[in-house]
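J.: Compact mmCIF, C-alpha atoms, saved as coords26.txt, coming up:
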```txt
# COMPACT_ATOMS: atom_id res chain seq x y z
CA MET A 17 9.37 17.41 -22.98
CA ASP A 18 9.13 14.17 -20.97
CA LYS A 19 11.09 11.02 -21.62
CA LYS A 20 8.23 9.43 -23.51
CA ASN A 21 8.33 12.19 -26.08
CA LYS A 22 12.07 12.07 -26.55
CA ARG A 23 13.05 12.92 -30.11
CA ILE A 24 16.52 12.67 -31.56
CA ILE A 25 16.78 13.94 -35.11
CA THR A 26 19.94 13.48 -37.14
CA ILE A 27 20.42 15.42 -40.36
CA SER A 28 22.83 14.37 -43.08
CA ARG A 29 23.00 16.78 -45.97
CA GLU A 30 24.58 17.67 -49.28
CA PHE A 31 26.41 20.98 -49.40
CA GLY A 32 23.99 23.72 -50.46
CA SER A 33 20.84 21.74 -49.66
CA GLY A 34 20.00 23.86 -46.62
CA GLY A 35 20.29 20.89 -44.26
CA ARG A 36 21.97 22.94 -41.55
CA LEU A 37 19.22 25.59 -41.67
CA ILE A 38 16.63 22.83 -41.46
CA GLY A 39 18.42 21.36 -38.43
CA ARG A 40 18.62 24.71 -36.68
CA ARG A 41 14.94 25.51 -37.28
CA LEU A 42 13.93 22.02 -36.15
CA ALA A 43 15.80 22.53 -32.87
CA GLU A 44 14.24 25.98 -32.37
CA LYS A 45 10.76 24.74 -33.12
CA LEU A 46 11.05 21.69 -30.86
CA ASP A 47 12.93 23.74 -28.28
CA VAL A 48 15.75 21.20 -27.97
CA PRO A 49 19.56 21.53 -28.17
CA TYR A 50 21.18 21.80 -31.58
CA TYR A 51 24.58 20.28 -32.33
CA ASP A 52 26.71 20.98 -35.35
CA LYS A 53 29.94 22.88 -34.74
CA GLU A 54 28.78 22.85 -31.09
CA LEU A 55 29.56 19.15 -31.10
CA LEU A 56 33.23 19.78 -31.78
CA ASP A 57 33.40 22.21 -28.83
CA ARG A 58 31.96 19.60 -26.54
CA ILE A 59 34.19 16.80 -27.83
CA ALA A 60 37.21 19.09 -27.41
CA GLU A 61 36.12 19.90 -23.88
CA GLU A 62 35.57 16.29 -22.88
CA SER A 63 38.41 14.60 -24.72
CA GLY A 64 41.09 17.25 -24.59
CA PHE A 65 41.61 17.03 -28.36
CA CYS A 66 42.28 20.26 -30.18
CA ARG A 67 39.21 21.44 -32.07
CA GLU A 68 41.16 22.73 -35.05
CA MET A 69 42.93 19.40 -35.49
CA MET A 70 39.61 17.58 -35.55
CA GLU A 71 38.16 19.94 -38.15
CA ASP A 72 41.28 19.54 -40.20
CA ALA A 73 41.02 15.74 -40.09
CA GLU A 74 37.44 15.89 -41.39
CA ARG A 75 38.38 18.17 -44.24
CA LYS A 76 41.27 15.91 -45.23
CA ALA A 77 38.81 13.08 -45.81
CA LYS A 78 38.20 14.56 -49.25
CA ASN A 79 41.12 12.41 -50.38
CA SER A 80 39.72 8.96 -49.69
CA PHE A 81 43.00 7.09 -50.10
CA LEU A 82 45.10 9.35 -47.88
CA TYR A 83 42.36 9.46 -45.26
CA SER A 84 42.11 5.67 -45.16
CA LEU A 85 45.87 5.40 -44.94
CA ALA A 86 46.20 7.96 -42.15
CA SER A 87 43.29 6.39 -40.28
CA ALA A 88 44.63 2.85 -40.53
CA MET A 89 48.15 3.72 -39.40
CA GLY A 90 48.40 3.35 -35.65
CA THR A 91 51.41 3.95 -33.43
CA GLY A 92 52.42 0.31 -33.42
CA GLU A 93 51.74 0.01 -29.69
CA SER A 94 48.89 -2.02 -28.19
CA GLY A 95 45.69 -0.71 -26.56
CA PRO A 96 43.56 2.28 -27.56
CA GLU A 97 46.62 4.53 -27.51
CA SER A 98 47.91 2.66 -30.54
CA LEU A 99 45.06 3.93 -32.76
CA SER A 100 45.64 6.62 -35.35
CA LEU A 101 44.59 10.18 -34.51
CA ASN A 102 41.67 9.95 -36.96
CA GLU A 103 40.37 6.85 -35.22
CA ARG A 104 40.75 8.45 -31.81
CA PHE A 105 38.90 11.56 -32.97
CA PHE A 106 36.10 9.36 -34.25
CA LEU A 107 35.90 7.40 -30.98
CA ALA A 108 35.72 10.64 -28.95
CA GLN A 109 32.96 11.84 -31.28
CA PHE A 110 31.18 8.52 -30.95
CA ASP A 111 31.17 8.77 -27.13
CA THR A 112 30.00 12.38 -27.09
CA ILE A 113 27.15 11.75 -29.56
CA LYS A 114 25.95 8.76 -27.53
CA GLU A 115 26.08 10.86 -24.37
CA ILE A 116 24.17 13.77 -25.93
CA ALA A 117 21.46 11.44 -27.22
CA ASP A 118 21.13 9.84 -23.78
CA GLU A 119 20.61 13.24 -22.19
CA GLY A 120 17.39 13.98 -24.08
CA SER A 121 15.85 15.32 -27.27
CA CYS A 122 18.18 17.06 -29.68
CA VAL A 123 19.06 17.73 -33.31
CA ILE A 124 22.49 16.63 -34.55
CA VAL A 125 23.84 17.63 -37.96
CA GLY A 126 26.43 15.44 -39.71
CA ARG A 127 29.24 13.43 -38.13
CA CYS A 128 27.80 9.95 -38.71
CA ALA A 129 25.20 10.49 -35.96
CA ASP A 130 22.66 8.36 -37.84
CA TYR A 131 25.08 5.43 -37.74
CA ILE A 132 26.23 6.04 -34.16
CA LEU A 133 22.62 6.11 -32.91
CA ARG A 134 21.34 3.25 -35.09
CA GLY A 135 18.95 1.01 -33.24
CA MET A 136 17.89 3.83 -30.89
CA PRO A 137 14.10 3.88 -31.35
CA GLU A 138 13.78 7.61 -30.61
CA ALA A 139 16.19 8.51 -33.42
CA THR A 140 14.92 9.72 -36.79
CA ASN A 141 17.54 9.99 -39.50
CA VAL A 142 16.97 12.44 -42.33
CA PHE A 143 18.97 12.98 -45.52
CA VAL A 144 18.58 16.33 -47.29
CA TYR A 145 19.68 16.77 -50.91
CA ALA A 146 18.75 18.87 -53.94
CA GLU A 147 19.41 19.30 -57.63
CA GLU A 148 22.73 20.91 -58.48
CA ALA A 149 21.24 24.19 -59.73
CA ASP A 150 19.23 24.61 -56.52
CA LYS A 151 22.27 23.91 -54.33
CA ILE A 152 24.46 26.36 -56.24
CA LYS A 153 21.79 29.06 -55.96
CA ARG A 154 21.48 28.58 -52.21
CA ALA A 155 25.23 28.40 -51.61
CA VAL A 156 25.83 31.64 -53.53
CA GLN A 157 22.80 33.61 -52.31
CA GLU A 158 22.49 32.40 -48.73
CA TYR A 159 25.91 31.12 -47.70
CA GLY A 160 27.77 33.82 -49.65
CA VAL A 161 30.07 31.40 -51.52
CA PRO A 162 31.72 33.15 -54.52
CA GLU A 163 30.17 32.01 -57.78
CA ASN A 164 33.46 31.00 -59.38
CA SER A 165 34.39 28.57 -56.61
CA VAL A 166 31.01 27.16 -55.64
CA ARG A 167 31.12 24.03 -57.79
CA LYS A 168 34.53 23.01 -56.51
CA MET A 169 33.60 23.71 -52.89
CA MET A 170 30.39 21.71 -53.27
CA LYS A 171 32.21 18.78 -54.82
CA ASP A 172 35.06 18.78 -52.29
CA THR A 173 32.79 19.15 -49.27
CA ASP A 174 30.44 16.34 -50.29
CA LYS A 175 33.38 14.13 -51.20
CA ALA A 176 34.91 14.65 -47.74
CA ARG A 177 31.55 13.94 -46.09
CA ALA A 178 31.03 10.77 -48.13
CA ASN A 179 34.56 9.46 -47.55
CA TYR A 180 34.46 10.22 -43.83
CA TYR A 181 31.09 8.49 -43.47
CA ASN A 182 31.92 5.51 -45.68
CA TYR A 183 35.26 4.93 -43.95
CA HIS A 184 33.95 5.02 -40.40
CA THR A 185 30.57 3.33 -40.87
CA GLY A 186 31.18 0.81 -43.66
CA ARG A 187 27.95 2.14 -45.18
CA LYS A 188 27.34 4.37 -48.16
CA TRP A 189 26.61 8.05 -47.51
CA GLY A 190 23.29 9.17 -48.99
CA LYS A 191 21.95 5.65 -49.60
CA PRO A 192 18.23 5.73 -48.68
CA ILE A 193 18.28 2.66 -46.41
CA ASN A 194 20.53 4.53 -43.91
CA TYR A 195 17.81 7.13 -43.33
CA HIS A 196 14.14 7.07 -42.39
CA LEU A 197 13.37 9.92 -44.72
CA SER A 198 15.18 11.60 -47.64
CA ILE A 199 13.95 14.93 -48.94
CA ASP A 200 14.78 17.05 -51.98
CA SER A 201 14.87 20.52 -50.44
CA GLY A 202 14.48 22.28 -53.80
CA TYR A 203 10.69 22.08 -53.95
CA LEU A 204 9.61 23.24 -50.49
CA GLU A 205 10.31 26.09 -48.10
CA ILE A 206 12.64 25.32 -45.18
CA GLU A 207 9.67 25.79 -42.86
CA ASP A 208 7.64 23.17 -44.75
CA ILE A 209 10.44 20.64 -44.57
CA VAL A 210 10.77 21.26 -40.83
CA ASP A 211 7.03 20.65 -40.41
CA LEU A 212 7.18 17.47 -42.48
CA ILE A 213 10.05 16.07 -40.39
CA ILE A 214 8.27 16.93 -37.14
CA ARG A 215 5.13 15.24 -38.46
CA TYR A 216 7.20 12.16 -39.30
CA THR A 217 8.72 11.98 -35.79
CA GLU A 218 5.27 12.36 -34.23
CA MET A 219 3.90 9.46 -36.27
CA LYS A 220 6.95 7.34 -35.51
CA LEU A 221 6.73 8.07 -31.77
CA TYR A 222 3.02 7.30 -31.74
CA ARG A 223 3.62 3.98 -33.42
CA LEU A 224 6.49 3.16 -31.03
CA GLU A 225 4.27 3.81 -28.04
CA SER A 226 1.41 1.69 -29.31
CA TYR A 227 3.55 -1.46 -29.55
CA MET B 2 -10.45 18.65 -58.36
CA ASP B 3 -9.75 21.64 -60.62
CA LYS B 4 -6.71 22.04 -62.83
CA LYS B 5 -4.95 24.22 -60.30
CA ASN B 6 -4.98 21.42 -57.78
CA LYS B 7 -3.75 18.78 -60.18
CA ARG B 8 -1.62 16.19 -58.47
CA ILE B 9 0.32 13.43 -60.15
CA ILE B 10 2.03 11.07 -57.73
CA THR B 11 4.44 8.43 -58.96
CA ILE B 12 5.50 5.63 -56.63
CA SER B 13 8.65 3.57 -57.13
CA ARG B 14 9.10 0.82 -54.59
CA GLU B 15 11.18 -2.09 -53.41
CA PHE B 16 9.40 -5.44 -53.34
CA GLY B 17 7.78 -5.95 -49.92
CA SER B 18 7.88 -2.27 -48.96
CA GLY B 19 4.12 -1.82 -49.32
CA GLY B 20 4.54 0.76 -52.08
CA ARG B 21 1.61 -0.57 -54.07
CA LEU B 22 -0.70 -0.44 -51.03
CA ILE B 23 0.46 3.12 -50.41
CA GLY B 24 -0.28 4.03 -54.02
CA ARG B 25 -3.74 2.47 -53.89
CA ARG B 26 -4.65 4.21 -50.61
CA LEU B 27 -3.31 7.52 -51.94
CA ALA B 28 -5.57 7.24 -54.99
CA GLU B 29 -8.58 6.33 -52.84
CA LYS B 30 -7.96 9.18 -50.42
CA LEU B 31 -7.42 11.77 -53.14
CA ASP B 32 -10.24 10.23 -55.20
CA VAL B 33 -8.14 10.04 -58.37
CA PRO B 34 -7.41 7.20 -60.82
CA TYR B 35 -4.83 4.58 -59.84
CA TYR B 36 -2.54 2.95 -62.40
CA ASP B 37 -0.44 -0.12 -61.86
CA LYS B 38 -1.47 -3.23 -63.77
CA GLU B 39 -4.27 -1.00 -65.10
CA LEU B 40 -1.59 0.79 -67.09
CA LEU B 41 -0.76 -2.34 -69.05
CA ASP B 42 -4.43 -2.82 -69.95
CA ARG B 43 -4.59 0.70 -71.31
CA ILE B 44 -1.32 0.42 -73.21
CA ALA B 45 -2.50 -2.88 -74.70
CA GLU B 46 -5.76 -1.26 -75.70
CA GLU B 47 -4.15 1.77 -77.30
CA SER B 48 -1.10 0.19 -78.88
CA GLY B 49 -2.42 -3.22 -79.81
CA PHE B 50 0.51 -4.91 -78.05
CA CYS B 51 -0.25 -8.11 -76.18
CA ARG B 52 -0.37 -7.52 -72.43
CA GLU B 53 1.27 -10.82 -71.57
CA MET B 54 4.22 -10.11 -73.84
CA MET B 55 4.78 -6.76 -72.16
CA GLU B 56 4.70 -8.28 -68.68
CA ASP B 57 7.07 -10.95 -69.84
CA ALA B 58 9.51 -8.35 -71.20
CA GLU B 59 9.55 -6.55 -67.85
CA ARG B 60 10.23 -9.74 -65.93
CA LYS B 61 13.06 -10.67 -68.27
CA ALA B 62 14.86 -7.46 -67.31
CA LYS B 63 16.16 -9.34 -64.28
CA ASN B 64 19.02 -10.41 -66.52
CA SER B 65 20.57 -7.04 -67.29
CA PHE B 66 22.82 -8.25 -70.10
CA LEU B 67 20.17 -10.20 -72.01
CA TYR B 68 17.67 -7.38 -71.56
CA SER B 69 20.12 -4.81 -72.94
CA LEU B 70 20.96 -7.08 -75.84
CA ALA B 71 17.33 -7.80 -76.71
CA SER B 72 16.46 -4.11 -76.36
CA ALA B 73 19.32 -2.93 -78.55
CA MET B 74 18.70 -5.38 -81.39
CA GLY B 75 16.38 -3.82 -83.91
CA THR B 76 15.07 -5.31 -87.11
CA GLY B 77 17.76 -3.73 -89.26
CA GLU B 78 15.19 -1.59 -91.09
CA SER B 79 14.89 2.18 -90.72
CA GLY B 80 12.18 4.18 -88.89
CA PRO B 81 10.37 3.33 -85.64
CA GLU B 82 9.48 -0.10 -87.01
CA SER B 83 13.16 -1.02 -86.82
CA LEU B 84 13.23 -0.78 -83.01
CA SER B 85 13.35 -3.89 -80.85
CA LEU B 86 10.12 -5.08 -79.22
CA ASN B 87 11.37 -3.93 -75.79
CA GLU B 88 11.97 -0.43 -77.12
CA ARG B 89 8.58 -0.34 -78.77
CA PHE B 90 6.88 -1.50 -75.56
CA PHE B 91 8.66 1.27 -73.70
CA LEU B 92 7.64 3.90 -76.23
CA ALA B 93 3.99 2.81 -76.04
CA GLN B 94 4.22 2.99 -72.24
CA PHE B 95 5.84 6.41 -72.48
CA ASP B 96 2.99 7.75 -74.63
CA THR B 97 0.26 6.31 -72.42
CA ILE B 98 1.81 7.65 -69.19
CA LYS B 99 2.15 11.12 -70.71
CA GLU B 100 -1.47 10.96 -71.84
CA ILE B 101 -2.75 9.81 -68.44
CA ALA B 102 -0.84 12.60 -66.67
CA ASP B 103 -2.26 15.17 -69.10
CA GLU B 104 -5.79 14.01 -68.33
CA GLY B 105 -5.64 14.98 -64.67
CA SER B 106 -4.63 13.94 -61.16
CA CYS B 107 -3.61 10.31 -60.70
CA VAL B 108 -1.31 7.87 -58.92
CA ILE B 109 1.05 5.77 -61.05
CA VAL B 110 3.05 2.88 -59.59
CA GLY B 111 6.33 1.83 -61.24
CA ARG B 112 7.18 1.81 -64.98
CA CYS B 113 9.63 4.73 -64.95
CA ALA B 114 6.76 7.23 -64.53
CA ASP B 115 9.01 9.52 -62.45
CA TYR B 116 11.41 9.76 -65.39
CA ILE B 117 8.73 10.01 -68.06
CA LEU B 118 7.02 12.89 -66.21
CA ARG B 119 10.22 14.69 -65.16
CA GLY B 120 9.90 18.43 -65.44
CA MET B 121 6.12 18.30 -64.97
CA PRO B 122 5.60 20.65 -62.00
CA GLU B 123 2.50 18.81 -60.73
CA ALA B 124 4.37 15.52 -60.44
CA THR B 125 5.67 14.30 -57.09
CA ASN B 126 7.95 11.29 -57.24
CA VAL B 127 8.18 9.04 -54.19
CA PHE B 128 10.49 6.08 -53.52
CA VAL B 129 9.40 3.56 -50.87
CA TYR B 130 11.88 1.13 -49.35
CA ALA B 131 12.39 -0.75 -46.08
CA GLU B 132 14.86 -2.91 -44.21
CA GLU B 133 15.06 -6.50 -45.42
CA ALA B 134 13.42 -8.03 -42.34
CA ASP B 135 10.43 -5.66 -42.65
CA LYS B 136 10.03 -6.42 -46.35
CA ILE B 137 10.17 -10.17 -45.81
CA LYS B 138 7.58 -9.94 -43.06
CA ARG B 139 5.18 -7.98 -45.22
CA ALA B 140 5.68 -10.16 -48.30
CA VAL B 141 4.98 -13.33 -46.32
CA GLN B 142 2.15 -12.05 -44.13
CA GLU B 143 0.37 -9.67 -46.48
CA TYR B 144 1.24 -10.77 -50.01
CA GLY B 145 1.19 -14.48 -49.12
CA VAL B 146 4.63 -15.26 -50.59
CA PRO B 147 5.93 -18.66 -49.32
CA GLU B 148 8.67 -18.18 -46.74
CA ASN B 149 11.19 -20.38 -48.51
CA SER B 150 11.08 -18.41 -51.74
CA VAL B 151 10.60 -14.86 -50.47
CA ARG B 152 14.26 -13.83 -50.54
CA LYS B 153 14.78 -14.98 -54.09
CA MET B 154 11.54 -13.39 -55.28
CA MET B 155 12.48 -10.11 -53.59
CA LYS B 156 15.95 -10.11 -55.12
CA ASP B 157 14.78 -11.04 -58.62
CA THR B 158 11.90 -8.56 -58.65
CA ASP B 159 14.03 -5.61 -57.49
CA LYS B 160 16.79 -6.57 -59.89
CA ALA B 161 14.33 -6.58 -62.82
CA ARG B 162 12.93 -3.22 -61.69
CA ALA B 163 16.37 -1.68 -61.37
CA ASN B 164 17.63 -3.03 -64.72
CA TYR B 165 14.47 -1.97 -66.53
CA TYR B 166 14.67 1.54 -65.04
CA ASN B 167 18.41 1.96 -65.50
CA TYR B 168 18.32 0.77 -69.10
CA HIS B 169 15.48 2.99 -70.24
CA THR B 170 16.21 6.13 -68.25
CA GLY B 171 20.02 6.18 -68.00
CA ARG B 172 19.51 6.94 -64.30
CA LYS B 173 19.96 4.77 -61.24
CA TRP B 174 16.86 3.23 -59.69
CA GLY B 175 16.44 4.19 -56.02
CA LYS B 176 18.96 7.05 -56.10
CA PRO B 177 17.47 9.88 -53.98
CA ILE B 178 17.94 12.65 -56.55
CA ASN B 179 15.41 10.94 -58.88
CA TYR B 180 12.64 11.39 -56.28
CA HIS B 181 11.24 14.28 -54.28
CA LEU B 182 10.79 12.09 -51.23
CA SER B 183 12.10 8.68 -50.13
CA ILE B 184 10.50 6.92 -47.17
CA ASP B 185 11.40 3.84 -45.14
CA SER B 186 7.98 2.21 -44.74
CA GLY B 187 9.08 0.05 -41.80
CA TYR B 188 8.51 2.68 -39.13
CA LEU B 189 5.06 4.05 -39.95
CA GLU B 190 1.61 2.73 -40.73
CA ILE B 191 0.56 2.80 -44.41
CA GLU B 192 -2.04 5.41 -43.49
CA ASP B 193 0.63 7.68 -41.97
CA ILE B 194 2.81 7.45 -45.05
CA VAL B 195 -0.17 8.30 -47.24
CA ASP B 196 -0.85 11.37 -45.09
CA LEU B 197 2.79 12.44 -45.23
CA ILE B 198 2.87 12.20 -49.03
CA ILE B 199 -0.38 14.13 -49.36
CA ARG B 200 1.03 16.80 -47.02
CA TYR B 201 4.13 17.00 -49.20
CA THR B 202 2.11 17.46 -52.40
CA GLU B 203 0.02 20.17 -50.74
CA MET B 204 3.12 22.09 -49.71
CA LYS B 205 4.67 21.67 -53.16
CA LEU B 206 1.48 22.83 -54.91
CA TYR B 207 1.20 25.83 -52.61
CA ARG B 208 4.76 26.83 -53.34
CA LEU B 209 4.24 26.36 -57.10
CA GLU B 210 1.20 28.62 -57.04
CA SER B 211 2.91 31.38 -55.10
CA TYR B 212 5.64 31.82 -57.73
```
Starting from the file, give its structure as structure tokens.
T.:
Amino acid sequence: MDKKNKRIITISREFGSGGRLIGRRLAEKLDVPYYDKELLDRIAEESGFCREMMEDAERKAKNSFLYSLASAMGTGESGPESLSLNERFFLAQFDTIKEIADEGSCVIVGRCADYILRGMPEATNVFVYAEEADKIKRAVQEYGVPENSVRKMMKDTDKARANYYNYHTGRKWGKPINYHLSIDSGYLEIEDIVDLIIRYTEMKLYRLESY
Amino acid sequence: MDKKNKRIITISREFGSGGRLIGRRLAEKLDVPYYDKELLDRIAEESGFCREMMEDAERKAKNSFLYSLASAMGTGESGPESLSLNERFFLAQFDTIKEIADEGSCVIVGRCADYILRGMPEATNVFVYAEEADKIKRAVQEYGVPENSVRKMMKDTDKARANYYNYHTGRKWGKPINYHLSIDSGYLEIEDIVDLIIRYTEMKLYRLESY
């Protein structure tokens, strides 16, 4: 794929909507790198931060107040070293996502990539959601989440994602204007949604080139 | 188009996003009836309500409090005759939209059609929005809105649409879960968006038929 056809696709998704599967299939079909948990490995490698600590910080965002507090509290010193751990994790993530997008086409799931790459013409930001019953069905049948804990896991995960996003971007997670396309995954097959997103990026690229 | 291929497309849109143009082109391309202002004519014809009064009621929804008040105040009598004028307009609209959708494929713009036709498997609900600068540009260049009043007109129109929708449906206008697909119209040509929506309805129909 040459530079002219560069395609960066970011996927934000509700828990149980199949967004990760869509991202993975998109990357396979376009034959480009896929970043989800892989992103944390690379950030850890480049920044020296411990991967488990970063994952832990993301999960803790489910309590909005405590996350804001922990993020705002620096060390009291001056310079970047004075920032809280949460802020330093986010900055490392910011740098790595920018770097990955500069390298070429790719699919990135989660981690505020839509915000970090805003203004990059090759980026297409997609939000995937679904009705509660559809998400529960998928989480139980495909992700293997026990039926008695699926509602709580869904609620907690989406809350953490929303708080993390809202805190670091100043935007509202899931609000249409932050994405080029938002799709309810409950009415189509994963393969159809992948095709629709690819079609969208082709149209967008074509229009970019003709200006 | 036979019954099996019945397609109802509802379009909700921000002012200046080109949603009405998209709806009109969709109807032309699918060769099905298009309802926007045409809906008011039909409601007027069937219900006997005055078209101008209905349009006026919709516009007045820009003041949420006064609209709620006027809608809630009935005549004090019992039976449907006791409802406020706003409620009776909405009920007439409800009946006509149901009737139109029963007749066959069509495109309906605005007027809570997504909500009224919820649960109808042939219905595809689309929300069209765009960034402010793109909407202003379109409103001035294509709709001929004077530049010095475009922001106010945009704000007032969307506010009336949101209040009207939120009051009558108990949902939130523009929230992704109310639509199958939400598209930022600022990055594609109208024709591309029309194609994308048609592609979506084809995939959805195909999936419906295979169950």
J.: Check which residues of chain B sit at most 8 Å from chain A using all atoms listed in the file, and return one row each with the closest pair of atoms and their distance in Å to one decimal, ordered by chain and rising number, as a Markdown table.
T.:
```
| residue | atom | partner | partner_atom | distance |
| --- | --- | --- | --- | --- |
| B:Tyr130 | CA | A:Ile193 | CA | 7.2 |
| B:Ala131 | CA | A:Ile193 | CA | 6.8 |
| B:Glu132 | CA | A:Ile193 | CA | 6.9 |
| B:Gly175 | CA | A:Pro192 | CA | 7.7 |
| B:Lys176 | CA | A:Lys191 | CA | 7.3 |
| B:Pro177 | CA | A:Pro192 | CA | 6.8 |
| B:Ile178 | CA | A:Ala146 | CA | 6.8 |
| B:Tyr180 | CA | A:Asp200 | CA | 7.4 |
| B:His181 | CA | A:Asp200 | CA | 5.0 |
| B:Leu182 | CA | A:Ile199 | CA | 4.8 |
| B:Ser183 | CA | A:Ser198 | CA | 4.9 |
| B:Ile184 | CA | A:Leu197 | CA | 4.8 |
| B:Asp185 | CA | A:His196 | CA | 5.1 |
| B:Tyr188 | CA | A:Lys220 | CA | 6.1 |
| B:Leu189 | CA | A:Lys220 | CA | 5.8 |
| B:Glu190 | CA | A:Arg223 | CA | 7.7 |
| B:Asp193 | CA | A:Met219 | CA | 6.8 |
| B:Leu197 | CA | A:Leu212 | CA | 7.2 |
| B:Arg200 | CA | A:Leu212 | CA | 7.7 |
| B:Tyr201 | CA | A:Leu212 | CA | 7.4 |
| B:Met204 | CA | A:Leu204 | CA | 6.6 |
| B:Lys205 | CA | A:Leu204 | CA | 5.8 |
| B:Arg208 | CA | A:Leu204 | CA | 6.7 |
```
J.: Output C-alpha atoms for every residue in the selection just made, as a PDB file, keeping the file's coordinate frame.
T.:
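Saved to result02.pdb:
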```pdb
ATOM      1  CA  TYR B 130      11.880   1.130 -49.350  1.00  0.00           C
ATOM      2  CA  ALA B 131      12.390  -0.750 -46.080  1.00  0.00           C
ATOM      3  CA  GLU B 132      14.860  -2.910 -44.210  1.00  0.00           C
ATOM      4  CA  GLY B 175      16.440   4.190 -56.020  1.00  0.00           C
ATOM      5  CA  LYS B 176      18.960   7.050 -56.100  1.00  0.00           C
ATOM      6  CA  PRO B 177      17.470   9.880 -53.980  1.00  0.00           C
ATOM      7  CA  ILE B 178      17.940  12.650 -56.550  1.00  0.00           C
ATOM      8  CA  TYR B 180      12.640  11.390 -56.280  1.00  0.00           C
ATOM      9  CA  HIS B 181      11.240  14.280 -54.280  1.00  0.00           C
ATOM     10  CA  LEU B 182      10.790  12.090 -51.230  1.00  0.00           C
ATOM     11  CA  SER B 183      12.100   8.680 -50.130  1.00  0.00           C
ATOM     12  CA  ILE B 184      10.500   6.920 -47.170  1.00  0.00           C
ATOM     13  CA  ASP B 185      11.400   3.840 -45.140  1.00  0.00           C
ATOM     14  CA  TYR B 188       8.510   2.680 -39.130  1.00  0.00           C
ATOM     15  CA  LEU B 189       5.060   4.050 -39.950  1.00  0.00           C
ATOM     16  CA  GLU B 190       1.610   2.730 -40.730  1.00  0.00           C
ATOM     17  CA  ASP B 193       0.630   7.680 -41.970  1.00  0.00           C
ATOM     18  CA  LEU B 197       2.790  12.440 -45.230  1.00  0.00           C
ATOM     19  CA  ARG B 200       1.030  16.800 -47.020  1.00  0.00           C
ATOM     20  CA  TYR B 201       4.130  17.000 -49.200  1.00  0.00           C
ATOM     21  CA  MET B 204       3.120  22.090 -49.710  1.00  0.00           C
ATOM     22  CA  LYS B 205       4.670  21.670 -53.160  1.00  0.00           C
ATOM     23  CA  ARG B 208       4.760  26.830 -53.340  1.00  0.00           C
TER      24      ARG B 208
END
```
J.: Tell me which protein, DNA and RNA residues are within 12 Å of Asp103 of chain B, counting all atoms listed in the file, leaving out same-chain ones fewer than 2 positions away, and put them as a short mmCIF file (atom, residue, chain, number, x, y, z; two decimals) with C-alpha atoms, in the coordinates of the input.
T.:
```
data_model
loop_
_atom_site.label_atom_id
_atom_site.label_comp_id
_atom_site.auth_asym_id
_atom_site.auth_seq_id
_atom_site.Cartn_x
_atom_site.Cartn_y
_atom_site.Cartn_z
CA LYS B 4 -6.71 22.04 -62.83
CA LYS B 7 -3.75 18.78 -60.18
CA ARG B 8 -1.62 16.19 -58.47
CA ILE B 9 0.32 13.43 -60.15
CA ASP B 96 2.99 7.75 -74.63
CA THR B 97 0.26 6.31 -72.42
CA ILE B 98 1.81 7.65 -69.19
CA LYS B 99 2.15 11.12 -70.71
CA GLU B 100 -1.47 10.96 -71.84
CA ILE B 101 -2.75 9.81 -68.44
CA GLY B 105 -5.64 14.98 -64.67
CA SER B 106 -4.63 13.94 -61.16
CA CYS B 107 -3.61 10.31 -60.70
CA LEU B 118 7.02 12.89 -66.21
CA MET B 121 6.12 18.30 -64.97
CA PRO B 122 5.60 20.65 -62.00
CA GLU B 123 2.50 18.81 -60.73
CA ALA B 124 4.37 15.52 -60.44
#
```
J.: Write out as JSON an axis-aligned box for segment 107-117 of chain A: all of its atoms listed in the file, 6 Å added on each side, centre and edge lengths in Å with one decimal.
T.:
```
{"center_x": 28.7, "center_y": 10.6, "center_z": -27.8, "size_x": 26.4, "size_y": 18.4, "size_z": 18.9}
```
J.: Could you tell me how far atom CA of Ser28 of chain A sits from atom CA of Val210 of chain A, in Å to one decimal place?
T.: 14.1 Å
J.: Work out how far atom CA of Asp32 of chain B is from atom CA of Ile199 of chain B, in Å to one decimal.
T.: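 Those two atoms sit 12.1 Å apart.
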J.: Could you work out how far atom CA of Val125 of chain A lies from atom CA of Glu44 of chain A, giving the answer in Å with one decimal?
T.: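 Interatomic distance, atom CA of Glu44 of chain A to atom CA of Val125 of chain A: 13.9 Å.
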